[in-house]
Amino acid sequence: MAVIFEPTKALLDVPTHYCPGCTHGIIHRLVGEALEELGILDRTVGVAPVGCAVLAYDYFACDMHEAAHGRAPAVATGIKRALPDNIVFTYQGDGDLAAIGTAEIVHAAARGEKITTIFVNNAIYGMTGGQMAPTTLPGQVTETSPYGRNIETQGYPVRVSEMISTLDGAVYVERVSVDTPGNVFKAKKAIKKAFELQTKGAGFTMVEVLSICPTNWGLSPVEALKWLRDNMIPYYPLGVKKDTIGEVK
Amino acid sequence: MAHQEIIFAGFGGQGILSMGKFLAYAGMDENLNVSWLPSYGPEMRGGTANCSVILTNEDIGSPLVTDATTVVVMNRPSLDKFEHAIVPGGLLIMDSDLVNRESERKDIDVIKIPAQTVAEEVGSKKIANMVLLGAFVEKTGIVPMKALLKALKEHGKEQFYELNKRALERGAEYARK
Amino acid sequence: MAEKVLMKGNEAIGEAAIHAGCQCFFGYPITPQTEVAAYMARKMPKIGRVFLQAESEVAAINMVYGAAGSGVRVMTSSSSPGISLKAEGISYIAGAELPCVIVNIVRGGPGLGSIQPAQSDYFQATKGGGHGDYRLVVFAPSSVQEMVDLIQDAFDVADIYRNPVMVMGDGMLGQMMEPVEFKERPKREIPSKDSWAATGLHGRKQHHVINSLYLQPEKLEEHNKKLSKKYAEIEKNEVRYETYNCEGEVDLVVAAYGTVSRIVKNAIKILEKEGIKVGLIRPITLWPFPKKAFEEVTGRTKHGFISVELSEGQMVEDVMLSVKGRKPVYFYGRSGGMVPTPAEIAGRIRAIVGGEK
Ligand SMILES: Cc1ncc(C[n+]2csc(CCOP(=O)(O)OP(=O)(O)O)c2C)c(N)n1
Ligand code: SF4
């Protein structure tokens with residue numbers, strides 16, 4: 001990928017455990033850069049999920065909490081209510097957020113909890129070795145949909161951003177991707193905007209990031225980026241799903 | 001008495017777990033008691049992999065091998081980790097193309113095989129594991145080579161059978177040296 | 001004779017359940033038991049049965065509740081953190097007296113803990129986990145073959161007593177491969193579910209209700225007494241254990257279950273060569289606990305007992321209750337995913353027998 005990143009103070013200088021080519025690393029960096037550029041690193045508390053990003057607490061330089069699988073938005077709510085002047089974010093995968101944690105994310109958004117959620121959608125459970133996720137595409141083969149996701153018996157993928165957008169408590173929801181340098185740039189802008197809105201005391205903000213899992217998709221990183229473009233983006237259209245505030249001044 | 005407690009260790013992707021599996025299948029066919037236990041967890045991603053395999057005509061106690069009669073290693077970290085798990089008089093087999101140091105042990109048998117080179121001569125570096133397995137079976141005689149070949153035929157990929165067979169034979173030659 | 005196949009513990013669980021007539025499987029991925037779900041995903045649709053990945057363990061156990069109330073054989077499996085989430089549903093299932101099988105492939109805790117093998121869910125399995133006066137029958141196999149046998153028996157026991165049965169292994173047992181045979185299990189009489197299952201009236205006069213709510217204290221107490229009677233019956237009939245090397249006078253008796261009991265057997269062999277005679281009591285049912293096995297050897301064990309576990313000391317409490325203070329009870333445990341070696345266990349036993357307390 002052509003984008004060269006300057007090191008950010010928001011990420012610790014440690015090797016990560018992500019697979020070669022995994023885009024979790026890029027997304028970490030975008031979050032880190034946003035926190036640093038907005039000068040909020042000092043008062044930010046992040047909540048790590050259970051998923052491949054479980055060790056995010058070792059990578060982000062700000063204070064971090066670890067949550068049970070899916071419960072990050074509830075934990076973040078507790079933190080934000082206890083420390084309302086802090087910036088609080090959750091970083092969650094699609095199994096964590098859209099399966100086991102559906103209730104927590106929906107209600108955090110419905111309450112207009114003043115937190116930011118970074119939702120990493122890679123259409124699969126990475127950490128546990130490639131099982132079907134709520135966002136797995138129809139026909140997609142995984143460990144637990146070995147004959148391809150069958151919508152008759154296994155239902156339809158969830159478009160989380162569109163769903164959350166229907167909730168009045170959510171003020172800003174955007175879906176981005178990190179498959180090209182151009183899209184990485186847009187993703188960065190969206191993440192930064194979400195945090196900026198939080199500093200202004202707006203309601204719930206979420207950025208869904210389409211991401212790859214070369215390991216469990218059984219593809220090379222380059223093939224995986226193409227697969228994301230050809231298959232995920234048509235099902236999960238990019239763009240702003242909701243913005244009740246507009247440009248942050 | 002037939003009794004082998006083996007640790008196979010190396011990087012993920014080297015076929016460490018399948019070496020152990022083929023051996024376990026062969027042992028089962030020879031009416032030995034067998035067990036196979038892999039390391040599992042996030043460290044497997046591009047990291048290290050190992051498995052404990054036991055073939056014996058006694059009852060199997062712990063499936064986790066801690067006092068190995070044989071250790072087969074395909075990288076340096078594995079040698080560092082498991083060299084001292086070998087019982088005195090035991091056997092160490094290493095891929096000398098990938099392990100860049102000698103064993104410190106003086107009380108064990110050591111077989112060094114440039115398995116990558118040999119495998120490449122046979123046809124593919126991917127079957128370096130089979131070269132080492134061939135040496136192990138030849139040296140210990142824990143199962144007849146034909147039992148291992150049968151396991152490969154029944155449980156391995158058809159198209160690799162001939163290649164695997166030659167790799168086993170080349171490995172066996174090293175054990176006879 | 002059935003054919004021997006080499007199978008991973010987790011896959012053998014799935015195959016055994018299929019053999020036992022499991023109609024529905026509901027699960028959610030979690031290491032180190034995910035292969036159970038993957039196996040069921042491959043096999044169940046091929047034979048016209050149900051595999052469904054739920055959105056969470058909470059949902060999975062409630063799917064089990066629904067299917068069990070419908071009178072079919074149903075199973076779910078998970079590992080420690082997932083079992084904690086199932087605890088609520090298990091309590092409801094026990095309260096409503098429904099049969100089902102729950103597999104726990106235990107990993108290190110508390111909290112997110114680790115994914116390596118552990119036995120630290122003993123309290124959760126045998127002393128509650130969920131709320132209320134209920135009991136789970138808990139089977140603890142020590143090999144893949146025994147796992148296969150007990151999974152099949154678990155469905156029978158569940159049906160006979162209308163009670164959930166848990167089969168508890170550790171990460172090692174789930175991940176390891178051993179040869180197994182799917183033998184015919186001893187036939188037991190399985191009561192019909194027609195008298196209680198909520199399957200639709202279909203002309204039946206009395207409606208069936210699956211429920212655990214009893215608002216009147218008298219009624220709930222009556223219900224609890226009925227459950228207690230059932231549990232007493234289970235304690236009388238279903239205790240299972242193995243004793244090893246326990247004949248005559250022994251220096252010390254070890255209590256160990258699951259894979260740990262196998263490591264203990266290796267330790268016993270080491271000590272045998274030194275002239276130290278060590279026995280083993282291996283509970284196969286953790287509840288009901290084999291108290292009698294301990295009573296029987298109490299008089300013959302010179303130095304008492306030691307409980308060896310992959311925990312900081314859980315089953316040891318049941319050993320103490322069984323020994324009733326008549327002999328010393330020691331403990332040795334590793335936790336967090338650490339597994340003791342035979343030499344380590346032998347060392348601890350040698351020290352006790354040598355007079356070190
Ligand atoms: C209660 C509970 N259930 C299940 C698990 C096992 N588990 C760990 S990560 C994970 C899913 C991860 O998938 P996702 O959220 O999509 O993140 P990714 O790994 O793809 O980044 C699951 C099911 C757990 N740790 N706790
Ligand atoms: S398993 Fe997939 S999501 Fe997880 S680190 Fe590897 S590539 Fe990334």
# chains A, B, ... in the order shown; residues from 1 in each chain; ligands from 1

$ interface_residues --of "chain B" --to "chain C" --cutoff "6 Å" --atoms "only C-alpha atoms" --output "list in words"
Ser35, Trp36, Leu37, Gly61 and Ser62 of chain B

$ residues_around --residues "Val34 of chain B" --least-positions-apart "4" --cutoff "12 Å" --atoms "only C-alpha atoms" --output "PDB file with N, CA and C atoms, in the first residue's frame"
ATOM      1  N   ALA B   2       7.409 -51.249  22.361  1.00  0.00           N
ATOM      2  CA  ALA B   2       7.342 -50.083  21.479  1.00  0.00           C
ATOM      3  C   ALA B   2       6.877 -48.881  22.284  1.00  0.00           C
ATOM      4  N   HIS B   3       7.671 -47.857  22.312  1.00  0.00           N
ATOM      5  CA  HIS B   3       7.270 -46.666  23.066  1.00  0.00           C
ATOM      6  C   HIS B   3       8.014 -45.439  22.556  1.00  0.00           C
ATOM      7  N   GLN B   4       7.289 -44.509  22.013  1.00  0.00           N
ATOM      8  CA  GLN B   4       7.884 -43.252  21.593  1.00  0.00           C
ATOM      9  C   GLN B   4       6.999 -42.094  22.033  1.00  0.00           C
ATOM     10  N   GLU B   5       7.635 -41.100  22.639  1.00  0.00           N
ATOM     11  CA  GLU B   5       6.937 -39.850  22.957  1.00  0.00           C
ATOM     12  C   GLU B   5       7.676 -38.747  22.224  1.00  0.00           C
ATOM     13  N   ILE B   6       6.997 -38.169  21.239  1.00  0.00           N
ATOM     14  CA  ILE B   6       7.689 -37.280  20.311  1.00  0.00           C
ATOM     15  C   ILE B   6       7.119 -35.873  20.387  1.00  0.00           C
ATOM     16  N   GLY B  20       2.806 -35.200  12.625  1.00  0.00           N
ATOM     17  CA  GLY B  20       2.358 -35.925  13.810  1.00  0.00           C
ATOM     18  C   GLY B  20       1.128 -36.754  13.509  1.00  0.00           C
ATOM     19  N   LYS B  21       0.233 -36.186  12.703  1.00  0.00           N
ATOM     20  CA  LYS B  21      -1.014 -36.901  12.389  1.00  0.00           C
ATOM     21  C   LYS B  21      -0.750 -38.174  11.598  1.00  0.00           C
ATOM     22  N   PHE B  22       0.081 -38.061  10.568  1.00  0.00           N
ATOM     23  CA  PHE B  22       0.363 -39.254   9.757  1.00  0.00           C
ATOM     24  C   PHE B  22       0.981 -40.350  10.616  1.00  0.00           C
ATOM     25  N   LEU B  23       1.872 -39.940  11.514  1.00  0.00           N
ATOM     26  CA  LEU B  23       2.506 -40.916  12.389  1.00  0.00           C
ATOM     27  C   LEU B  23       1.467 -41.567  13.306  1.00  0.00           C
ATOM     28  N   ALA B  24       0.541 -40.754  13.809  1.00  0.00           N
ATOM     29  CA  ALA B  24      -0.493 -41.293  14.696  1.00  0.00           C
ATOM     30  C   ALA B  24      -1.388 -42.287  13.949  1.00  0.00           C
ATOM     31  N   TYR B  25      -1.750 -41.936  12.717  1.00  0.00           N
ATOM     32  CA  TYR B  25      -2.558 -42.867  11.913  1.00  0.00           C
ATOM     33  C   TYR B  25      -1.830 -44.191  11.723  1.00  0.00           C
ATOM     34  N   ALA B  26      -0.522 -44.086  11.397  1.00  0.00           N
ATOM     35  CA  ALA B  26       0.254 -45.299  11.164  1.00  0.00           C
ATOM     36  C   ALA B  26       0.308 -46.133  12.442  1.00  0.00           C
ATOM     37  N   GLY B  27       0.498 -45.466  13.563  1.00  0.00           N
ATOM     38  CA  GLY B  27       0.563 -46.173  14.842  1.00  0.00           C
ATOM     39  C   GLY B  27      -0.745 -46.885  15.154  1.00  0.00           C
ATOM     40  N   MET B  28      -1.844 -46.204  14.868  1.00  0.00           N
ATOM     41  CA  MET B  28      -3.156 -46.802  15.130  1.00  0.00           C
ATOM     42  C   MET B  28      -3.339 -48.063  14.284  1.00  0.00           C
ATOM     43  N   ASP B  29      -2.924 -47.972  13.028  1.00  0.00           N
ATOM     44  CA  ASP B  29      -3.043 -49.136  12.142  1.00  0.00           C
ATOM     45  C   ASP B  29      -2.191 -50.302  12.625  1.00  0.00           C
ATOM     46  N   GLU B  30      -1.103 -49.988  13.325  1.00  0.00           N
ATOM     47  CA  GLU B  30      -0.236 -51.036  13.859  1.00  0.00           C
ATOM     48  C   GLU B  30      -0.681 -51.483  15.245  1.00  0.00           C
ATOM     49  N   SER B  52       2.502 -32.881  20.354  1.00  0.00           N
ATOM     50  CA  SER B  52       2.963 -34.024  21.135  1.00  0.00           C
ATOM     51  C   SER B  52       2.324 -35.270  20.560  1.00  0.00           C
ATOM     52  N   VAL B  53       3.137 -36.269  20.239  1.00  0.00           N
ATOM     53  CA  VAL B  53       2.575 -37.515  19.713  1.00  0.00           C
ATOM     54  C   VAL B  53       3.129 -38.678  20.527  1.00  0.00           C
ATOM     55  N   ILE B  54       2.258 -39.588  20.913  1.00  0.00           N
ATOM     56  CA  ILE B  54       2.698 -40.764  21.659  1.00  0.00           C
ATOM     57  C   ILE B  54       2.254 -42.022  20.922  1.00  0.00           C
ATOM     58  N   LEU B  55       3.191 -42.948  20.728  1.00  0.00           N
ATOM     59  CA  LEU B  55       2.873 -44.271  20.181  1.00  0.00           C
ATOM     60  C   LEU B  55       3.454 -45.284  21.161  1.00  0.00           C
ATOM     61  N   THR B  56       2.623 -46.179  21.659  1.00  0.00           N
ATOM     62  CA  THR B  56       3.107 -47.081  22.694  1.00  0.00           C
ATOM     63  C   THR B  56       2.212 -48.318  22.775  1.00  0.00           C
ATOM     64  N   ASN B  57       2.769 -49.421  23.288  1.00  0.00           N
ATOM     65  CA  ASN B  57       1.848 -50.526  23.563  1.00  0.00           C
ATOM     66  C   ASN B  57       1.458 -50.592  25.030  1.00  0.00           C
ATOM     67  N   GLU B  58       1.792 -49.528  25.772  1.00  0.00           N
ATOM     68  CA  GLU B  58       1.276 -49.394  27.137  1.00  0.00           C
ATOM     69  C   GLU B  58       0.087 -48.433  27.121  1.00  0.00           C
ATOM     70  N   ASP B  59      -0.520 -48.223  28.300  1.00  0.00           N
ATOM     71  CA  ASP B  59      -1.568 -47.206  28.387  1.00  0.00           C
ATOM     72  C   ASP B  59      -0.933 -45.828  28.273  1.00  0.00           C
ATOM     73  N   ILE B  60      -1.650 -44.920  27.639  1.00  0.00           N
ATOM     74  CA  ILE B  60      -1.129 -43.559  27.528  1.00  0.00           C
ATOM     75  C   ILE B  60      -1.609 -42.742  28.716  1.00  0.00           C
ATOM     76  N   GLY B  61      -0.658 -42.192  29.443  1.00  0.00           N
ATOM     77  CA  GLY B  61      -1.012 -41.297  30.539  1.00  0.00           C
ATOM     78  C   GLY B  61      -1.243 -39.916  29.971  1.00  0.00           C
ATOM     79  N   SER B  62      -0.393 -38.994  30.344  1.00  0.00           N
ATOM     80  CA  SER B  62      -0.547 -37.636  29.861  1.00  0.00           C
ATOM     81  C   SER B  62      -0.302 -37.562  28.357  1.00  0.00           C
ATOM     82  N   PRO B  63      -1.209 -36.929  27.610  1.00  0.00           N
ATOM     83  CA  PRO B  63      -0.984 -36.752  26.168  1.00  0.00           C
ATOM     84  C   PRO B  63       0.023 -35.638  25.874  1.00  0.00           C
ATOM     85  N   ILE B 142       9.553 -47.399  15.037  1.00  0.00           N
ATOM     86  CA  ILE B 142       8.335 -47.445  15.867  1.00  0.00           C
ATOM     87  C   ILE B 142       7.149 -47.989  15.081  1.00  0.00           C
ATOM     88  N   VAL B 143       7.111 -47.673  13.777  1.00  0.00           N
ATOM     89  CA  VAL B 143       6.143 -48.313  12.876  1.00  0.00           C
ATOM     90  C   VAL B 143       6.910 -48.693  11.608  1.00  0.00           C
TER      91      VAL B 143
ATOM     92  N   LYS C   4     -12.220 -48.419  14.371  1.00  0.00           N
ATOM     93  CA  LYS C   4     -11.524 -47.369  15.112  1.00  0.00           C
ATOM     94  C   LYS C   4     -11.169 -46.230  14.183  1.00  0.00           C
ATOM     95  N   VAL C   5     -11.474 -45.011  14.614  1.00  0.00           N
ATOM     96  CA  VAL C   5     -11.060 -43.847  13.834  1.00  0.00           C
ATOM     97  C   VAL C   5     -10.305 -42.882  14.742  1.00  0.00           C
ATOM     98  N   LEU C   6      -9.366 -42.177  14.134  1.00  0.00           N
ATOM     99  CA  LEU C   6      -8.592 -41.197  14.883  1.00  0.00           C
ATOM    100  C   LEU C   6      -9.356 -39.881  14.819  1.00  0.00           C
ATOM    101  N   MET C   7      -9.738 -39.372  15.979  1.00  0.00           N
ATOM    102  CA  MET C   7     -10.568 -38.163  15.970  1.00  0.00           C
ATOM    103  C   MET C   7     -10.149 -37.173  17.022  1.00  0.00           C
ATOM    104  N   SER C 143     -10.573 -39.310  28.359  1.00  0.00           N
ATOM    105  CA  SER C 143      -9.999 -39.645  27.055  1.00  0.00           C
ATOM    106  C   SER C 143     -11.047 -39.341  25.998  1.00  0.00           C
ATOM    107  N   VAL C 144     -10.603 -39.328  24.751  1.00  0.00           N
ATOM    108  CA  VAL C 144     -11.557 -39.035  23.681  1.00  0.00           C
ATOM    109  C   VAL C 144     -12.599 -40.159  23.605  1.00  0.00           C
ATOM    110  N   MET C 176      -7.054 -32.731  21.437  1.00  0.00           N
ATOM    111  CA  MET C 176      -6.224 -33.895  21.125  1.00  0.00           C
ATOM    112  C   MET C 176      -6.956 -34.899  20.243  1.00  0.00           C
ATOM    113  N   MET C 177      -6.154 -35.703  19.520  1.00  0.00           N
ATOM    114  CA  MET C 177      -6.729 -36.798  18.733  1.00  0.00           C
ATOM    115  C   MET C 177      -6.342 -38.123  19.375  1.00  0.00           C
ATOM    116  N   GLU C 178      -7.325 -39.012  19.439  1.00  0.00           N
ATOM    117  CA  GLU C 178      -7.085 -40.385  19.885  1.00  0.00           C
ATOM    118  C   GLU C 178      -8.003 -41.293  19.074  1.00  0.00           C
ATOM    119  N   PRO C 179      -7.677 -42.566  19.003  1.00  0.00           N
ATOM    120  CA  PRO C 179      -8.574 -43.482  18.295  1.00  0.00           C
ATOM    121  C   PRO C 179      -9.866 -43.659  19.096  1.00  0.00           C
ATOM    122  N   VAL C 180     -10.976 -43.669  18.394  1.00  0.00           N
ATOM    123  CA  VAL C 180     -12.254 -43.916  19.069  1.00  0.00           C
ATOM    124  C   VAL C 180     -13.094 -44.917  18.276  1.00  0.00           C
TER     125      VAL C 180
END

$ residues_near_ligand --ligand "ligand 2" --cutoff "7 Å" --atoms "only C-alpha atoms and all ligand atoms" --output "PDB file with N, CA, C and O atoms, in the first residue's frame"
ATOM      1  N   HIS A  17       0.227  -8.450  17.118  1.00  0.00           N
ATOM      2  CA  HIS A  17       0.077  -9.877  16.820  1.00  0.00           C
ATOM      3  C   HIS A  17      -0.752 -10.090  15.552  1.00  0.00           C
ATOM      4  O   HIS A  17      -1.111 -11.207  15.235  1.00  0.00           O
ATOM      5  N   TYR A  18      -1.091  -9.013  14.847  1.00  0.00           N
ATOM      6  CA  TYR A  18      -1.953  -9.187  13.675  1.00  0.00           C
ATOM      7  C   TYR A  18      -1.232  -9.944  12.562  1.00  0.00           C
ATOM      8  O   TYR A  18      -0.018  -9.857  12.419  1.00  0.00           O
ATOM      9  N   CYS A  19      -2.010 -10.667  11.770  1.00  0.00           N
ATOM     10  CA  CYS A  19      -1.439 -11.422  10.659  1.00  0.00           C
ATOM     11  C   CYS A  19      -0.840 -10.441   9.634  1.00  0.00           C
ATOM     12  O   CYS A  19      -1.299  -9.309   9.523  1.00  0.00           O
ATOM     13  N   GLY A  21      -0.445  -8.287   6.610  1.00  0.00           N
ATOM     14  CA  GLY A  21      -1.412  -7.748   5.654  1.00  0.00           C
ATOM     15  C   GLY A  21      -2.764  -7.408   6.255  1.00  0.00           C
ATOM     16  O   GLY A  21      -3.602  -6.809   5.584  1.00  0.00           O
ATOM     17  N   CYS A  22      -2.993  -7.751   7.507  1.00  0.00           N
ATOM     18  CA  CYS A  22      -4.293  -7.466   8.127  1.00  0.00           C
ATOM     19  C   CYS A  22      -4.481  -5.966   8.283  1.00  0.00           C
ATOM     20  O   CYS A  22      -3.542  -5.259   8.657  1.00  0.00           O
ATOM     21  N   THR A  23      -5.692  -5.465   7.992  1.00  0.00           N
ATOM     22  CA  THR A  23      -5.928  -4.025   8.040  1.00  0.00           C
ATOM     23  C   THR A  23      -6.297  -3.506   9.436  1.00  0.00           C
ATOM     24  O   THR A  23      -6.490  -2.315   9.610  1.00  0.00           O
ATOM     25  N   HIS A  24      -6.393  -4.397  10.423  1.00  0.00           N
ATOM     26  CA  HIS A  24      -6.579  -3.925  11.803  1.00  0.00           C
ATOM     27  C   HIS A  24      -5.493  -2.896  12.149  1.00  0.00           C
ATOM     28  O   HIS A  24      -5.765  -1.892  12.805  1.00  0.00           O
ATOM     29  N   CYS A  52      -9.993 -10.211  17.329  1.00  0.00           N
ATOM     30  CA  CYS A  52      -8.560 -10.090  17.036  1.00  0.00           C
ATOM     31  C   CYS A  52      -7.956  -8.855  17.688  1.00  0.00           C
ATOM     32  O   CYS A  52      -6.773  -8.815  17.972  1.00  0.00           O
ATOM     33  N   ASN A 122     -15.177  -7.212   9.076  1.00  0.00           N
ATOM     34  CA  ASN A 122     -14.410  -8.034   8.138  1.00  0.00           C
ATOM     35  C   ASN A 122     -15.190  -9.280   7.711  1.00  0.00           C
ATOM     36  O   ASN A 122     -14.625 -10.246   7.212  1.00  0.00           O
ATOM     37  N   GLY A 126     -12.537 -13.457  13.104  1.00  0.00           N
ATOM     38  CA  GLY A 126     -11.118 -13.691  12.862  1.00  0.00           C
ATOM     39  C   GLY A 126     -10.470 -14.497  13.977  1.00  0.00           C
ATOM     40  O   GLY A 126      -9.897 -15.558  13.762  1.00  0.00           O
ATOM     41  N   MET A 127     -10.614 -14.002  15.174  1.00  0.00           N
ATOM     42  CA  MET A 127      -9.903 -14.541  16.334  1.00  0.00           C
ATOM     43  C   MET A 127     -10.099 -16.039  16.547  1.00  0.00           C
ATOM     44  O   MET A 127      -9.174 -16.761  16.875  1.00  0.00           O
ATOM     45  N   GLY A 129     -10.922 -18.247  14.383  1.00  0.00           N
ATOM     46  CA  GLY A 129     -10.529 -19.100  13.273  1.00  0.00           C
ATOM     47  C   GLY A 129     -11.513 -19.178  12.121  1.00  0.00           C
ATOM     48  O   GLY A 129     -11.579 -20.185  11.426  1.00  0.00           O
ATOM     49  N   ILE A 212     -10.180  -6.315   6.025  1.00  0.00           N
ATOM     50  CA  ILE A 212      -9.951  -7.646   5.452  1.00  0.00           C
ATOM     51  C   ILE A 212      -9.437  -8.635   6.497  1.00  0.00           C
ATOM     52  O   ILE A 212      -8.869  -8.247   7.509  1.00  0.00           O
ATOM     53  N   CYS A 213      -9.663  -9.924   6.220  1.00  0.00           N
ATOM     54  CA  CYS A 213      -9.119 -10.986   7.048  1.00  0.00           C
ATOM     55  C   CYS A 213      -8.493 -12.028   6.114  1.00  0.00           C
ATOM     56  O   CYS A 213      -9.079 -13.076   5.850  1.00  0.00           O
ATOM     57  N   PRO A 214      -7.303 -11.693   5.574  1.00  0.00           N
ATOM     58  CA  PRO A 214      -6.697 -12.605   4.599  1.00  0.00           C
ATOM     59  C   PRO A 214      -6.577 -14.032   5.142  1.00  0.00           C
ATOM     60  O   PRO A 214      -6.822 -14.998   4.405  1.00  0.00           O
ATOM     61  N   THR A 215      -6.226 -14.146   6.417  1.00  0.00           N
ATOM     62  CA  THR A 215      -6.001 -15.475   7.003  1.00  0.00           C
ATOM     63  C   THR A 215      -7.235 -16.361   6.890  1.00  0.00           C
ATOM     64  O   THR A 215      -7.161 -17.490   6.404  1.00  0.00           O
ATOM     65  N   ASN A 216      -8.369 -15.846   7.322  1.00  0.00           N
ATOM     66  CA  ASN A 216      -9.560 -16.702   7.351  1.00  0.00           C
ATOM     67  C   ASN A 216     -10.375 -16.663   6.062  1.00  0.00           C
ATOM     68  O   ASN A 216     -11.218 -17.517   5.833  1.00  0.00           O
TER      69      ASN A 216
END

$ select_by_dssp --residues "segment 11-246 of chain A" --states "strand (DSSP E)" --output "MDAnalysis selection string"
chainID A and resid 44:48 63:66 87:93 116:121 170:177 204:210 239:243

$ residues_near_ligand --ligand "ligand 1" --cutoff "8 Å" --atoms "only C-alpha atoms and all ligand atoms" --output "ChimeraX atom specification"
/A:24,49-54,68-70,92-98,100,120-128,130,133,213 /C:28-31,56-57,78-79,81-85,112

$ atom_distance --atom1 "atom CA of Lys46 of chain C" --atom2 "atom CA of Cys24 of chain C"
12.9 Å

$ interface_residues --of "chain C" --to "chain A" --cutoff "6 Å" --atoms "only C-alpha atoms" --output "list in words"
Ala38, Ala41, Glu55 and Ser56 of chain C

$ write_last_selection --atoms "N, CA, C and O atoms" --output "CSV table (one decimal), in the first residue's frame"
chain,number,residue,atom,x,y,z
C,38,ALA,N,-18.1,-26.3,14.2
C,38,ALA,CA,-17.7,-26.5,12.8
C,38,ALA,C,-18.1,-27.9,12.3
C,38,ALA,O,-18.6,-28.1,11.2
C,41,ALA,N,-21.8,-28.1,11.9
C,41,ALA,CA,-22.2,-27.3,10.7
C,41,ALA,C,-22.0,-28.1,9.4
C,41,ALA,O,-22.8,-28.0,8.5
C,55,GLU,N,-26.6,-15.9,18.0
C,55,GLU,CA,-25.9,-14.6,18.1
C,55,GLU,C,-25.1,-14.5,19.4
C,55,GLU,O,-24.3,-13.6,19.5
C,56,SER,N,-25.3,-15.4,20.3
C,56,SER,CA,-24.5,-15.4,21.6
C,56,SER,C,-24.8,-16.7,22.3
C,56,SER,O,-25.7,-17.4,21.9
